[in-house]
$ cat work22.pdb   # PDB, C-alpha atoms and all ligand atoms
MODEL        1
ATOM      1  CA  MET A   1      54.255-167.079  15.379
ATOM      2  CA  PRO A   2      54.823-168.144  11.776
ATOM      3  CA  MET A   3      58.515-167.640  10.870
ATOM      4  CA  GLU A   4      57.796-164.975   8.252
ATOM      5  CA  LYS A   5      55.878-162.825  10.713
ATOM      6  CA  ARG A   6      58.476-162.912  13.501
ATOM      7  CA  PRO A   7      60.436-159.684  13.947
ATOM      8  CA  GLY A   8      63.829-161.417  14.052
ATOM      9  CA  ASN A   9      66.624-159.083  15.096
ATOM     10  CA  VAL A  10      64.887-155.987  16.329
ATOM     11  CA  ILE A  11      66.440-152.840  14.908
ATOM     12  CA  PRO A  12      67.006-149.824  17.137
ATOM     13  CA  ALA A  13      64.940-146.641  16.796
ATOM     14  CA  TRP A  14      66.310-143.989  14.484
ATOM     15  CA  GLU A  15      65.292-140.511  13.656
ATOM     16  CA  ALA A  16      63.662-140.778  10.228
ATOM     17  CA  ILE A  17      60.092-139.936  11.271
ATOM     18  CA  PRO A  18      59.701-136.131  11.063
ATOM     19  CA  VAL A  19      59.378-134.155  14.284
ATOM     20  CA  VAL A  20      57.144-131.113  13.855
ATOM     21  CA  ASP A  21      57.244-128.171  16.278
ATOM     22  CA  LEU A  22      53.638-126.992  16.663
ATOM     23  CA  LYS A  23      54.789-123.672  18.172
ATOM     24  CA  GLY A  24      52.646-124.006  21.273
ATOM     25  CA  GLY A  25      49.655-125.276  19.306
ATOM     26  CA  ASN A  26      48.817-122.015  17.567
ATOM     27  CA  PRO A  27      51.287-121.273  14.794
ATOM     28  CA  ASN A  28      50.731-118.027  12.918
ATOM     29  CA  GLY A  29      51.831-116.315   9.728
ATOM     30  CA  GLU A  30      54.979-117.769   8.179
ATOM     31  CA  GLU A  31      55.281-120.257  11.023
ATOM     32  CA  LEU A  32      51.855-121.610  10.086
ATOM     33  CA  ALA A  33      52.863-122.174   6.476
ATOM     34  CA  THR A  34      55.982-124.083   7.574
ATOM     35  CA  VAL A  35      54.086-126.239  10.058
ATOM     36  CA  VAL A  36      51.415-127.088   7.470
ATOM     37  CA  GLU A  37      54.043-128.011   4.898
ATOM     38  CA  GLN A  38      55.896-130.238   7.363
ATOM     39  CA  ILE A  39      52.703-132.084   8.314
ATOM     40  CA  ILE A  40      51.670-132.622   4.694
ATOM     41  CA  ASP A  41      55.153-133.779   3.698
ATOM     42  CA  ALA A  42      55.252-136.229   6.618
ATOM     43  CA  GLY A  43      51.777-137.486   5.682
ATOM     44  CA  LYS A  44      52.740-138.075   2.059
ATOM     45  CA  GLU A  45      56.037-139.748   2.827
ATOM     46  CA  PHE A  46      55.516-141.687   6.059
ATOM     47  CA  GLY A  47      51.932-141.321   7.300
ATOM     48  CA  PHE A  48      53.621-140.735  10.659
ATOM     49  CA  LEU A  49      55.087-137.776  12.482
ATOM     50  CA  GLN A  50      55.860-136.686  15.998
ATOM     51  CA  VAL A  51      54.686-133.365  17.377
ATOM     52  CA  ILE A  52      56.442-131.351  20.058
ATOM     53  CA  ASN A  53      55.516-128.015  21.612
ATOM     54  CA  HIS A  54      51.884-129.022  21.016
ATOM     55  CA  GLY A  55      50.450-127.006  23.887
ATOM     56  CA  VAL A  56      49.424-129.922  26.145
ATOM     57  CA  PRO A  57      50.904-129.252  29.601
ATOM     58  CA  GLU A  58      53.668-131.633  30.680
ATOM     59  CA  ASN A  59      51.905-132.449  33.953
ATOM     60  CA  VAL A  60      48.775-133.634  32.066
ATOM     61  CA  ILE A  61      50.903-136.064  30.046
ATOM     62  CA  ASN A  62      52.979-137.251  32.999
ATOM     63  CA  GLU A  63      49.924-137.754  35.178
ATOM     64  CA  MET A  64      48.156-139.802  32.474
ATOM     65  CA  MET A  65      51.211-142.012  32.029
ATOM     66  CA  ARG A  66      51.578-142.386  35.800
ATOM     67  CA  VAL A  67      47.984-143.599  36.350
ATOM     68  CA  ALA A  68      48.223-145.870  33.294
ATOM     69  CA  GLU A  69      51.346-147.555  34.664
ATOM     70  CA  GLU A  70      49.773-147.765  38.120
ATOM     71  CA  PHE A  71      46.702-149.462  36.664
ATOM     72  CA  PHE A  72      48.786-152.302  35.267
ATOM     73  CA  ASP A  73      50.871-152.511  38.467
ATOM     74  CA  MET A  74      47.758-153.247  40.532
ATOM     75  CA  PRO A  75      47.163-156.810  41.760
ATOM     76  CA  ILE A  76      45.321-159.048  39.298
ATOM     77  CA  GLU A  77      42.116-159.065  41.409
ATOM     78  CA  GLU A  78      41.724-155.325  40.887
ATOM     79  CA  LYS A  79      42.016-155.656  37.085
ATOM     80  CA  LEU A  80      40.049-158.849  36.573
ATOM     81  CA  PRO A  81      36.581-157.210  36.634
ATOM     82  CA  TYR A  82      37.512-155.387  33.426
ATOM     83  CA  TYR A  83      38.669-158.509  31.589
ATOM     84  CA  SER A  84      36.336-159.570  28.801
ATOM     85  CA  THR A  85      36.406-161.231  25.384
ATOM     86  CA  ASP A  86      33.240-159.376  24.340
ATOM     87  CA  LEU A  87      34.486-156.894  21.727
ATOM     88  CA  SER A  88      31.504-154.615  22.213
ATOM     89  CA  LYS A  89      32.209-154.086  25.911
ATOM     90  CA  LEU A  90      34.101-150.955  26.987
ATOM     91  CA  PRO A  91      36.038-150.524  29.143
ATOM     92  CA  ARG A  92      37.577-153.866  28.376
ATOM     93  CA  LEU A  93      40.839-155.396  29.462
ATOM     94  CA  HIS A  94      42.216-157.918  27.021
ATOM     95  CA  THR A  95      45.467-159.547  26.100
ATOM     96  CA  SER A  96      46.981-159.897  22.636
ATOM     97  CA  ALA A  97      44.942-158.397  19.745
ATOM     98  CA  PRO A  98      41.170-157.830  19.814
ATOM     99  CA  GLY A  99      39.273-161.019  19.120
ATOM    100  CA  LYS A 100      42.100-163.176  20.512
ATOM    101  CA  GLU A 101      39.957-166.300  20.276
ATOM    102  CA  HIS A 102      40.121-166.081  16.461
ATOM    103  CA  GLU A 103      43.903-165.944  16.388
ATOM    104  CA  GLU A 104      46.393-168.691  15.787
ATOM    105  CA  VAL A 105      48.963-166.861  17.884
ATOM    106  CA  SER A 106      48.856-164.597  20.894
ATOM    107  CA  TYR A 107      50.736-161.327  21.044
ATOM    108  CA  TRP A 108      52.753-159.966  23.927
ATOM    109  CA  ARG A 109      50.379-157.255  25.068
ATOM    110  CA  ASP A 110      47.824-156.324  27.696
ATOM    111  CA  CYS A 111      45.389-153.592  26.722
ATOM    112  CA  LEU A 112      42.782-151.577  28.550
ATOM    113  CA  LYS A 113      40.411-150.090  26.000
ATOM    114  CA  LEU A 114      38.161-147.239  27.080
ATOM    115  CA  ALA A 115      35.413-145.192  25.470
ATOM    116  CA  CYS A 116      36.385-141.632  26.342
ATOM    117  CA  TYR A 117      34.352-139.055  24.479
ATOM    118  CA  PRO A 118      31.941-137.377  25.083
ATOM    119  CA  THR A 119      33.517-137.603  28.531
ATOM    120  CA  GLU A 120      30.245-137.028  30.405
ATOM    121  CA  ASN A 121      28.769-140.174  28.824
ATOM    122  CA  PHE A 122      31.666-142.443  29.745
ATOM    123  CA  MET A 123      33.529-141.116  32.769
ATOM    124  CA  HIS A 124      31.467-143.201  35.180
ATOM    125  CA  THR A 125      32.622-146.365  33.345
ATOM    126  CA  TRP A 126      36.354-145.679  33.828
ATOM    127  CA  PRO A 127      38.317-147.507  36.539
ATOM    128  CA  GLU A 128      38.094-145.865  39.961
ATOM    129  CA  LYS A 129      41.450-147.350  40.886
ATOM    130  CA  PRO A 130      44.180-146.261  40.884
ATOM    131  CA  ARG A 131      43.151-143.060  42.603
ATOM    132  CA  LYS A 132      43.109-140.151  40.177
ATOM    133  CA  PHE A 133      42.778-142.413  37.084
ATOM    134  CA  ARG A 134      39.474-140.789  36.099
ATOM    135  CA  GLU A 135      40.693-137.299  36.813
ATOM    136  CA  ALA A 136      43.819-137.780  34.718
ATOM    137  CA  LEU A 137      41.979-139.408  31.790
ATOM    138  CA  LEU A 138      39.364-136.660  31.749
ATOM    139  CA  VAL A 139      41.908-133.877  31.333
ATOM    140  CA  TYR A 140      44.067-135.936  28.980
ATOM    141  CA  THR A 141      41.113-136.793  26.699
ATOM    142  CA  MET A 142      40.091-133.164  26.288
ATOM    143  CA  GLU A 143      43.667-132.081  25.565
ATOM    144  CA  VAL A 144      44.464-134.879  23.122
ATOM    145  CA  ARG A 145      41.220-134.419  21.238
ATOM    146  CA  GLY A 146      42.108-130.751  20.903
ATOM    147  CA  VAL A 147      45.483-131.647  19.371
ATOM    148  CA  ALA A 148      43.859-134.075  16.933
ATOM    149  CA  LEU A 149      41.251-131.543  15.768
ATOM    150  CA  LYS A 150      43.953-128.903  15.400
ATOM    151  CA  LEU A 151      46.024-131.258  13.237
ATOM    152  CA  LEU A 152      42.998-132.061  11.081
ATOM    153  CA  LYS A 153      42.480-128.327  10.497
ATOM    154  CA  LEU A 154      46.129-127.926   9.532
ATOM    155  CA  ILE A 155      45.761-130.831   7.101
ATOM    156  CA  CYS A 156      42.699-129.115   5.577
ATOM    157  CA  GLU A 157      44.743-125.966   5.159
ATOM    158  CA  GLY A 158      47.546-127.891   3.463
ATOM    159  CA  LEU A 159      45.228-129.738   1.085
ATOM    160  CA  ARG A 160      42.954-126.730   0.472
ATOM    161  CA  LEU A 161      39.918-128.440   1.930
ATOM    162  CA  ASP A 162      37.337-126.364   3.823
ATOM    163  CA  GLU A 163      38.700-125.727   7.315
ATOM    164  CA  GLY A 164      35.849-127.668   8.915
ATOM    165  CA  TYR A 165      35.902-130.602   6.492
ATOM    166  CA  PHE A 166      36.565-133.142   9.256
ATOM    167  CA  ASP A 167      34.222-131.533  11.791
ATOM    168  CA  GLY A 168      30.935-133.237  12.594
ATOM    169  CA  GLU A 169      30.426-136.893  11.626
ATOM    170  CA  LEU A 170      33.890-137.548  10.189
ATOM    171  CA  SER A 171      35.617-136.977  13.528
ATOM    172  CA  GLY A 172      32.542-137.331  15.718
ATOM    173  CA  GLY A 173      32.483-141.076  16.361
ATOM    174  CA  GLY A 174      33.757-140.642  19.883
ATOM    175  CA  LEU A 175      37.280-141.203  21.033
ATOM    176  CA  VAL A 176      38.498-144.617  22.083
ATOM    177  CA  THR A 177      41.723-144.929  24.033
ATOM    178  CA  SER A 178      43.887-148.041  24.270
ATOM    179  CA  VAL A 179      46.238-148.164  27.210
ATOM    180  CA  ASN A 180      48.772-150.737  26.023
ATOM    181  CA  HIS A 181      51.105-152.513  28.381
ATOM    182  CA  TYR A 182      53.943-154.747  27.252
ATOM    183  CA  VAL A 183      55.797-156.610  29.984
ATOM    184  CA  PRO A 184      59.437-157.602  29.320
ATOM    185  CA  CYS A 185      59.704-160.547  26.956
ATOM    186  CA  PRO A 186      62.412-163.240  27.305
ATOM    187  CA  ASP A 187      62.945-163.433  23.511
ATOM    188  CA  PRO A 188      61.699-160.401  21.543
ATOM    189  CA  SER A 189      62.809-161.957  18.246
ATOM    190  CA  LEU A 190      60.023-164.540  18.433
ATOM    191  CA  THR A 191      56.955-162.413  18.986
ATOM    192  CA  LEU A 192      55.321-159.003  18.631
ATOM    193  CA  GLY A 193      53.447-156.754  21.038
ATOM    194  CA  VAL A 194      51.059-155.688  18.289
ATOM    195  CA  PRO A 195      51.175-157.261  14.811
ATOM    196  CA  GLY A 196      51.509-155.085  11.683
ATOM    197  CA  HIS A 197      48.320-153.107  11.021
ATOM    198  CA  CYS A 198      47.022-149.806   9.742
ATOM    199  CA  ASP A 199      44.737-147.984  12.158
ATOM    200  CA  PRO A 200      41.189-148.200  10.769
ATOM    201  CA  ASN A 201      40.073-144.811  12.134
ATOM    202  CA  LEU A 202      40.735-141.204  11.040
ATOM    203  CA  ILE A 203      43.737-140.096  13.094
ATOM    204  CA  THR A 204      45.598-141.519  16.095
ATOM    205  CA  ILE A 205      47.537-139.674  18.784
ATOM    206  CA  LEU A 206      49.960-141.923  20.649
ATOM    207  CA  LEU A 207      51.893-141.257  23.806
ATOM    208  CA  GLN A 208      54.856-143.557  23.553
ATOM    209  CA  GLY A 209      56.527-143.058  26.909
ATOM    210  CA  LYS A 210      60.260-143.624  27.261
ATOM    211  CA  VAL A 211      60.737-147.132  25.929
ATOM    212  CA  ASN A 212      61.343-148.061  22.271
ATOM    213  CA  GLY A 213      58.989-150.429  20.542
ATOM    214  CA  LEU A 214      56.956-148.738  17.819
ATOM    215  CA  GLN A 215      58.014-149.492  14.243
ATOM    216  CA  VAL A 216      56.669-148.138  10.962
ATOM    217  CA  LEU A 217      56.895-149.863   7.607
ATOM    218  CA  TYR A 218      58.706-147.551   5.218
ATOM    219  CA  LYS A 219      59.857-148.695   1.787
ATOM    220  CA  GLU A 220      59.704-152.310   2.943
ATOM    221  CA  ASN A 221      61.828-151.680   6.045
ATOM    222  CA  TRP A 222      60.649-151.487   9.626
ATOM    223  CA  ILE A 223      61.924-148.255  11.122
ATOM    224  CA  GLY A 224      61.786-147.515  14.835
ATOM    225  CA  VAL A 225      60.117-144.375  16.165
ATOM    226  CA  GLU A 226      62.468-142.728  18.652
ATOM    227  CA  PRO A 227      60.732-141.957  21.963
ATOM    228  CA  ILE A 228      60.886-138.190  22.622
ATOM    229  CA  PRO A 229      59.828-137.146  26.127
ATOM    230  CA  GLY A 230      56.558-135.218  26.048
ATOM    231  CA  ALA A 231      56.020-135.674  22.288
ATOM    232  CA  PHE A 232      52.978-137.245  20.669
ATOM    233  CA  VAL A 233      53.317-139.684  17.817
ATOM    234  CA  VAL A 234      50.647-138.918  15.223
ATOM    235  CA  ASN A 235      49.589-141.429  12.615
ATOM    236  CA  PHE A 236      46.965-141.236   9.947
ATOM    237  CA  GLY A 237      44.228-143.823   9.906
ATOM    238  CA  GLU A 238      42.819-145.483   6.816
ATOM    239  CA  GLN A 239      39.827-143.105   6.681
ATOM    240  CA  LEU A 240      42.195-140.167   6.299
ATOM    241  CA  GLU A 241      43.996-141.925   3.457
ATOM    242  CA  ILE A 242      40.686-142.637   1.747
ATOM    243  CA  ILE A 243      39.192-139.163   2.261
ATOM    244  CA  THR A 244      42.389-137.532   0.930
ATOM    245  CA  ASN A 245      42.256-139.945  -2.031
ATOM    246  CA  GLY A 246      45.589-141.473  -1.084
ATOM    247  CA  MET A 247      47.479-138.215  -0.524
ATOM    248  CA  MET A 248      47.942-138.772   3.215
ATOM    249  CA  LYS A 249      49.289-142.242   3.844
ATOM    250  CA  SER A 250      48.022-144.625   6.459
ATOM    251  CA  ALA A 251      51.170-146.560   7.267
ATOM    252  CA  GLU A 252      51.465-150.081   8.538
ATOM    253  CA  HIS A 253      52.998-150.206  12.005
ATOM    254  CA  ARG A 254      53.613-152.686  14.785
ATOM    255  CA  ALA A 255      55.024-152.845  18.311
ATOM    256  CA  VAL A 256      58.018-155.014  19.190
ATOM    257  CA  THR A 257      58.865-156.139  22.698
ATOM    258  CA  ASN A 258      62.073-155.910  24.674
ATOM    259  CA  LYS A 259      63.852-157.997  27.302
ATOM    260  CA  THR A 260      64.344-155.550  30.093
ATOM    261  CA  ALA A 261      61.778-152.808  30.493
ATOM    262  CA  SER A 262      58.008-152.811  30.588
ATOM    263  CA  ARG A 263      56.494-150.408  28.115
ATOM    264  CA  THR A 264      53.215-148.534  28.467
ATOM    265  CA  THR A 265      51.691-146.555  25.592
ATOM    266  CA  ILE A 266      48.443-144.635  25.298
ATOM    267  CA  ALA A 267      46.766-144.545  21.889
ATOM    268  CA  SER A 268      43.798-142.214  21.340
ATOM    269  CA  PHE A 269      41.755-143.010  18.249
ATOM    270  CA  ILE A 270      39.564-140.345  16.637
ATOM    271  CA  ALA A 271      37.032-142.003  14.347
ATOM    272  CA  PRO A 272      34.025-141.168  12.188
ATOM    273  CA  THR A 273      30.548-142.066  13.459
ATOM    274  CA  MET A 274      29.572-145.579  12.383
ATOM    275  CA  ASP A 275      26.920-144.185  10.011
ATOM    276  CA  SER A 276      29.241-141.670   8.319
ATOM    277  CA  LEU A 277      29.447-141.918   4.584
ATOM    278  CA  ILE A 278      33.131-142.081   3.677
ATOM    279  CA  SER A 279      34.454-141.216   0.236
ATOM    280  CA  PRO A 280      37.348-139.292  -1.289
ATOM    281  CA  ALA A 281      36.765-135.526  -0.782
ATOM    282  CA  PRO A 282      35.164-134.101  -3.973
ATOM    283  CA  ALA A 283      37.600-131.138  -3.845
ATOM    284  CA  LEU A 284      40.526-133.540  -4.340
ATOM    285  CA  ILE A 285      38.986-135.340  -7.311
ATOM    286  CA  ASN A 286      39.429-134.258 -10.919
ATOM    287  CA  GLU A 287      40.180-135.790 -14.291
ATOM    288  CA  LYS A 288      43.796-136.439 -13.383
ATOM    289  CA  ASN A 289      42.860-137.712  -9.940
ATOM    290  CA  PRO A 290      39.892-140.051 -10.210
ATOM    291  CA  PRO A 291      38.522-141.397  -6.916
ATOM    292  CA  LEU A 292      40.682-144.334  -5.834
ATOM    293  CA  TYR A 293      38.080-145.590  -3.383
ATOM    294  CA  ARG A 294      34.379-146.255  -3.513
ATOM    295  CA  SER A 295      31.913-144.713  -1.039
ATOM    296  CA  PHE A 296      30.905-146.773   1.963
ATOM    297  CA  LEU A 297      29.616-146.440   5.506
ATOM    298  CA  TYR A 298      32.291-146.439   8.187
ATOM    299  CA  LYS A 299      30.574-149.362   9.946
ATOM    300  CA  GLU A 300      31.106-151.445   6.795
ATOM    301  CA  PHE A 301      34.836-150.709   6.925
ATOM    302  CA  PHE A 302      35.044-151.351  10.647
ATOM    303  CA  ALA A 303      33.332-154.722  10.323
ATOM    304  CA  SER A 304      35.872-155.672   7.671
ATOM    305  CA  PHE A 305      38.736-154.605   9.976
ATOM    306  CA  ILE A 306      37.431-156.678  12.862
ATOM    307  CA  THR A 307      36.967-159.822  10.772
ATOM    308  CA  ASN A 308      40.490-159.500   9.348
ATOM    309  CA  ILE A 309      42.288-160.019  12.677
ATOM    310  CA  GLY A 310      45.871-161.079  11.971
ATOM    311  CA  ASP A 311      45.648-159.694   8.438
ATOM    312  CA  GLN A 312      45.006-155.999   8.963
ATOM    313  CA  GLU A 313      47.923-154.653   6.985
ATOM    314  CA  HIS A 314      45.781-152.574   4.719
ATOM    315  CA  VAL A 315      42.054-153.183   4.945
ATOM    316  CA  ALA A 316      41.470-150.128   2.688
ATOM    317  CA  GLU A 317      42.672-152.178  -0.303
ATOM    318  CA  GLY A 318      39.301-153.919  -0.286
ATOM    319  CA  PHE A 319      37.522-150.565  -0.690
ATOM    320  CA  LYS A 320      39.389-149.469  -3.816
ATOM    321  CA  ASN A 321      37.584-148.731  -7.038
ATOM    322  CA  LYS A 322      38.065-151.645  -9.402
ATOM    323  CA  THR A 323      38.999-149.491 -12.375
ATOM    324  CA  SER A 324      41.790-147.587 -10.594
TER     325      SER A 324
HETATM  326  O1  LIG A 401      52.105-149.342  21.459
HETATM  327  C1  LIG A 401      52.464-148.915  20.360
HETATM  328  O2  LIG A 401      53.575-148.413  20.180
HETATM  329  C2  LIG A 401      51.552-148.986  19.168
HETATM  330  C3  LIG A 401      50.123-149.342  19.491
HETATM  331  C4  LIG A 401      49.228-149.308  18.275
HETATM  332  O3  LIG A 401      49.654-149.237  17.152
HETATM  333  C5  LIG A 401      47.762-149.360  18.459
HETATM  334  O4  LIG A 401      47.304-149.497  19.623
HETATM  335  O5  LIG A 401      47.048-149.222  17.433
HETATM  336 FE    FE A 402      48.052-148.750  15.697
ENDMDL
END
$ encode --input "work22.pdb" --output "structure tokens" --more "lines below"
Ligand SMILES: O=C(O)CCC(=O)C(=O)O
Ligand SMILES: [Fe+2]
Amino acid sequence: MPMEKRPGNVIPAWEAIPVVDLKGGNPNGEELATVVEQIIDAGKEFGFLQVINHGVPENVINEMMRVAEEFFDMPIEEKLPYYSTDLSKLPRLHTSAPGKEHEEVSYWRDCLKLACYPTENFMHTWPEKPRKFREALLVYTMEVRGVALKLLKLICEGLRLDEGYFDGELSGGGLVTSVNHYVPCPDPSLTLGVPGHCDPNLITILLQGKVNGLQVLYKENWIGVEPIPGAFVVNFGEQLEIITNGMMKSAEHRAVTNKTASRTTIASFIAPTMDSLISPAPALINEKNPPLYRSFLYKEFFASFITNIGDQEHVAEGFKNKTS
């Protein structure tokens, strides 16, 4: 890796990223107002938060993590049929970042990417081994999607957007899940698991497991996101930043490696449909707040993300209005 992109001495996780208690997933009354405020504050400041007490049963989370780890523990012959460099193919097992052949460097990651929603359209494509993989992913997908939609509603409440603003096309582009696997690395200072990027989609729900590795760029410092058992890490994608006209941040993040433990993470990406028209929400625009971004189709943005491999820090910059 070029010197300036190497992580150098990897800093330990610390507890700066807000942890929001979702009160079982259905906060009410005063509790609701507090939860909404905490989510909005986290979105403005960090673009990242963790949620606990989110209502997803512990066994659903543990079972998903168990089958994910078992998948990567299987002998190579079992995994090879999924390996492909064709970006349009899902499920797809790949190493490094998508489009590895365009990269100058390889990253320390294996990734199984799956199309997950609507589940009835994709379930038959999911790995049959390990046993129970499909069963676990089916339940997990439904639960995680529920959490994401709930969070989007809470964001609408906080920003005074119509409750269903993100329903339909804006969150209806399916749900893609990356099961990331990082094996121990002899020298974590020299490489990255995932290079710095902003997620291009609307909102991401990440199950981090027990091992450190996720870092968020905050005021020019990389801060670690402490693994909390059973919590989800939530981060806002670039479409959410654009639709909220910059109010909710989409933060750059990356994954570092470590010497001793393998790390498995499960990232669920909620995205708009490819033909969705994206633009700052009219309700958030006024004389003092002119639209920072131009309107575009999501597929236009996504194409730009894919062709910027290795330089995906903030693809949204290219969609800003020139005058702003
Ligand atoms: O594995 C992680 O901690 C982060 C993965 C990530 O950022 C991604 O898959 O977009
Ligand atoms: Fe990411």
$ resolve_selection --input "work22.pdb" --expression "the PyMOL selection byres (((chain A and resi 134-137) around 8) and not hetatm)" --output "list in words"
Val60, Glu63, Met64, Val67, Met123, Trp126, Pro127, Glu128, Arg131, Lys132, Phe133, Leu138, Val139, Tyr140 and Thr141 of chain A
$ atom_distance --input "work22.pdb" --atom1 "atom CA of A:Ile203" --atom2 "atom CA of A:Leu297"
17.2 Å
$ atom_distance --input "work22.pdb" --atom1 "atom CA of A:Leu292" --atom2 "atom CA of A:Lys44"
15.7 Å
$ residues_near_ligand --input "work22.pdb" --ligand "ligand LIG 401 (chain A)" --cutoff "9 Å" --atoms "all atoms listed in the file" --output "ChimeraX atom specification"
/A:109,111,177-182,193-200,204,206-208,212-215,225,252-256,263-269
$ write_last_selection --input "work22.pdb" --atoms "C-alpha atoms" --output "PDB file, in the coordinates of the input"
ATOM      1  CA  ARG A 109      50.379-157.255  25.068  1.00  0.00           C
ATOM      2  CA  CYS A 111      45.389-153.592  26.722  1.00  0.00           C
ATOM      3  CA  THR A 177      41.723-144.929  24.033  1.00  0.00           C
ATOM      4  CA  SER A 178      43.887-148.041  24.270  1.00  0.00           C
ATOM      5  CA  VAL A 179      46.238-148.164  27.210  1.00  0.00           C
ATOM      6  CA  ASN A 180      48.772-150.737  26.023  1.00  0.00           C
ATOM      7  CA  HIS A 181      51.105-152.513  28.381  1.00  0.00           C
ATOM      8  CA  TYR A 182      53.943-154.747  27.252  1.00  0.00           C
ATOM      9  CA  GLY A 193      53.447-156.754  21.038  1.00  0.00           C
ATOM     10  CA  VAL A 194      51.059-155.688  18.289  1.00  0.00           C
ATOM     11  CA  PRO A 195      51.175-157.261  14.811  1.00  0.00           C
ATOM     12  CA  GLY A 196      51.509-155.085  11.683  1.00  0.00           C
ATOM     13  CA  HIS A 197      48.320-153.107  11.021  1.00  0.00           C
ATOM     14  CA  CYS A 198      47.022-149.806   9.742  1.00  0.00           C
ATOM     15  CA  ASP A 199      44.737-147.984  12.158  1.00  0.00           C
ATOM     16  CA  PRO A 200      41.189-148.200  10.769  1.00  0.00           C
ATOM     17  CA  THR A 204      45.598-141.519  16.095  1.00  0.00           C
ATOM     18  CA  LEU A 206      49.960-141.923  20.649  1.00  0.00           C
ATOM     19  CA  LEU A 207      51.893-141.257  23.806  1.00  0.00           C
ATOM     20  CA  GLN A 208      54.856-143.557  23.553  1.00  0.00           C
ATOM     21  CA  ASN A 212      61.343-148.061  22.271  1.00  0.00           C
ATOM     22  CA  GLY A 213      58.989-150.429  20.542  1.00  0.00           C
ATOM     23  CA  LEU A 214      56.956-148.738  17.819  1.00  0.00           C
ATOM     24  CA  GLN A 215      58.014-149.492  14.243  1.00  0.00           C
ATOM     25  CA  VAL A 225      60.117-144.375  16.165  1.00  0.00           C
ATOM     26  CA  GLU A 252      51.465-150.081   8.538  1.00  0.00           C
ATOM     27  CA  HIS A 253      52.998-150.206  12.005  1.00  0.00           C
ATOM     28  CA  ARG A 254      53.613-152.686  14.785  1.00  0.00           C
ATOM     29  CA  ALA A 255      55.024-152.845  18.311  1.00  0.00           C
ATOM     30  CA  VAL A 256      58.018-155.014  19.190  1.00  0.00           C
ATOM     31  CA  ARG A 263      56.494-150.408  28.115  1.00  0.00           C
ATOM     32  CA  THR A 264      53.215-148.534  28.467  1.00  0.00           C
ATOM     33  CA  THR A 265      51.691-146.555  25.592  1.00  0.00           C
ATOM     34  CA  ILE A 266      48.443-144.635  25.298  1.00  0.00           C
ATOM     35  CA  ALA A 267      46.766-144.545  21.889  1.00  0.00           C
ATOM     36  CA  SER A 268      43.798-142.214  21.340  1.00  0.00           C
ATOM     37  CA  PHE A 269      41.755-143.010  18.249  1.00  0.00           C
TER      38      PHE A 269
END
$ residues_around --input "work22.pdb" --residues "A:Ser84" --least-positions-apart "5" --cutoff "9 Å" --atoms "all atoms listed in the file" --output "list of chain:residue names"
A:Lys89, A:Arg92, A:Leu93, A:His94
$ atom_distance --input "work22.pdb" --atom1 "atom CA of A:Lys5" --atom2 "atom CA of A:Asn308"
15.8 Å
$ closest_residue --input "work22.pdb" --among "A:Gly174, A:Val234, A:Lys219, A:Lys320" --to "A:Asn121" --atoms "all atoms listed in the file"
A:Gly174
$ resolve_selection --input "work22.pdb" --expression "the PyMOL selection byres (((chain A and resi 39) around 12) and not hetatm)" --output "MDAnalysis selection string"
chainID A and resid 17:22 32:38 40:51 150:159 234:236 247:249
$ decode --input "work22.pdb" --residues "stretch 77-84 of chain A" --atoms "N, CA, C and O atoms" --output "short mmCIF file (atom, residue, chain, number, x, y, z; two decimals), in the first residue's frame"
data_model
loop_
_atom_site.label_atom_id
_atom_site.label_comp_id
_atom_site.auth_asym_id
_atom_site.auth_seq_id
_atom_site.Cartn_x
_atom_site.Cartn_y
_atom_site.Cartn_z
N GLU A 77 -12.74 -25.90 -1.24
CA GLU A 77 -13.55 -26.46 -2.34
C GLU A 77 -15.03 -26.12 -2.18
O GLU A 77 -15.76 -26.00 -3.15
N GLU A 78 -15.47 -25.99 -0.95
CA GLU A 78 -16.89 -25.69 -0.71
C GLU A 78 -17.20 -24.23 -1.07
O GLU A 78 -18.31 -23.89 -1.44
N LYS A 79 -16.20 -23.35 -0.93
CA LYS A 79 -16.42 -21.92 -1.14
C LYS A 79 -16.15 -21.50 -2.58
O LYS A 79 -16.73 -20.53 -3.07
N LEU A 80 -15.27 -22.25 -3.23
CA LEU A 80 -14.82 -21.87 -4.57
C LEU A 80 -15.95 -21.61 -5.58
O LEU A 80 -15.86 -20.66 -6.36
N PRO A 81 -17.03 -22.42 -5.57
CA PRO A 81 -18.09 -22.17 -6.56
C PRO A 81 -18.66 -20.75 -6.48
O PRO A 81 -19.21 -20.26 -7.47
N TYR A 82 -18.52 -20.09 -5.36
CA TYR A 82 -19.08 -18.75 -5.22
C TYR A 82 -18.11 -17.67 -5.66
O TYR A 82 -18.46 -16.51 -5.78
N TYR A 83 -16.84 -18.05 -5.86
CA TYR A 83 -15.82 -17.05 -6.19
C TYR A 83 -16.03 -16.52 -7.61
O TYR A 83 -16.22 -17.26 -8.55
N SER A 84 -16.04 -15.19 -7.73
CA SER A 84 -16.19 -14.61 -9.06
C SER A 84 -15.64 -13.18 -9.06
O SER A 84 -15.64 -12.50 -8.03
#
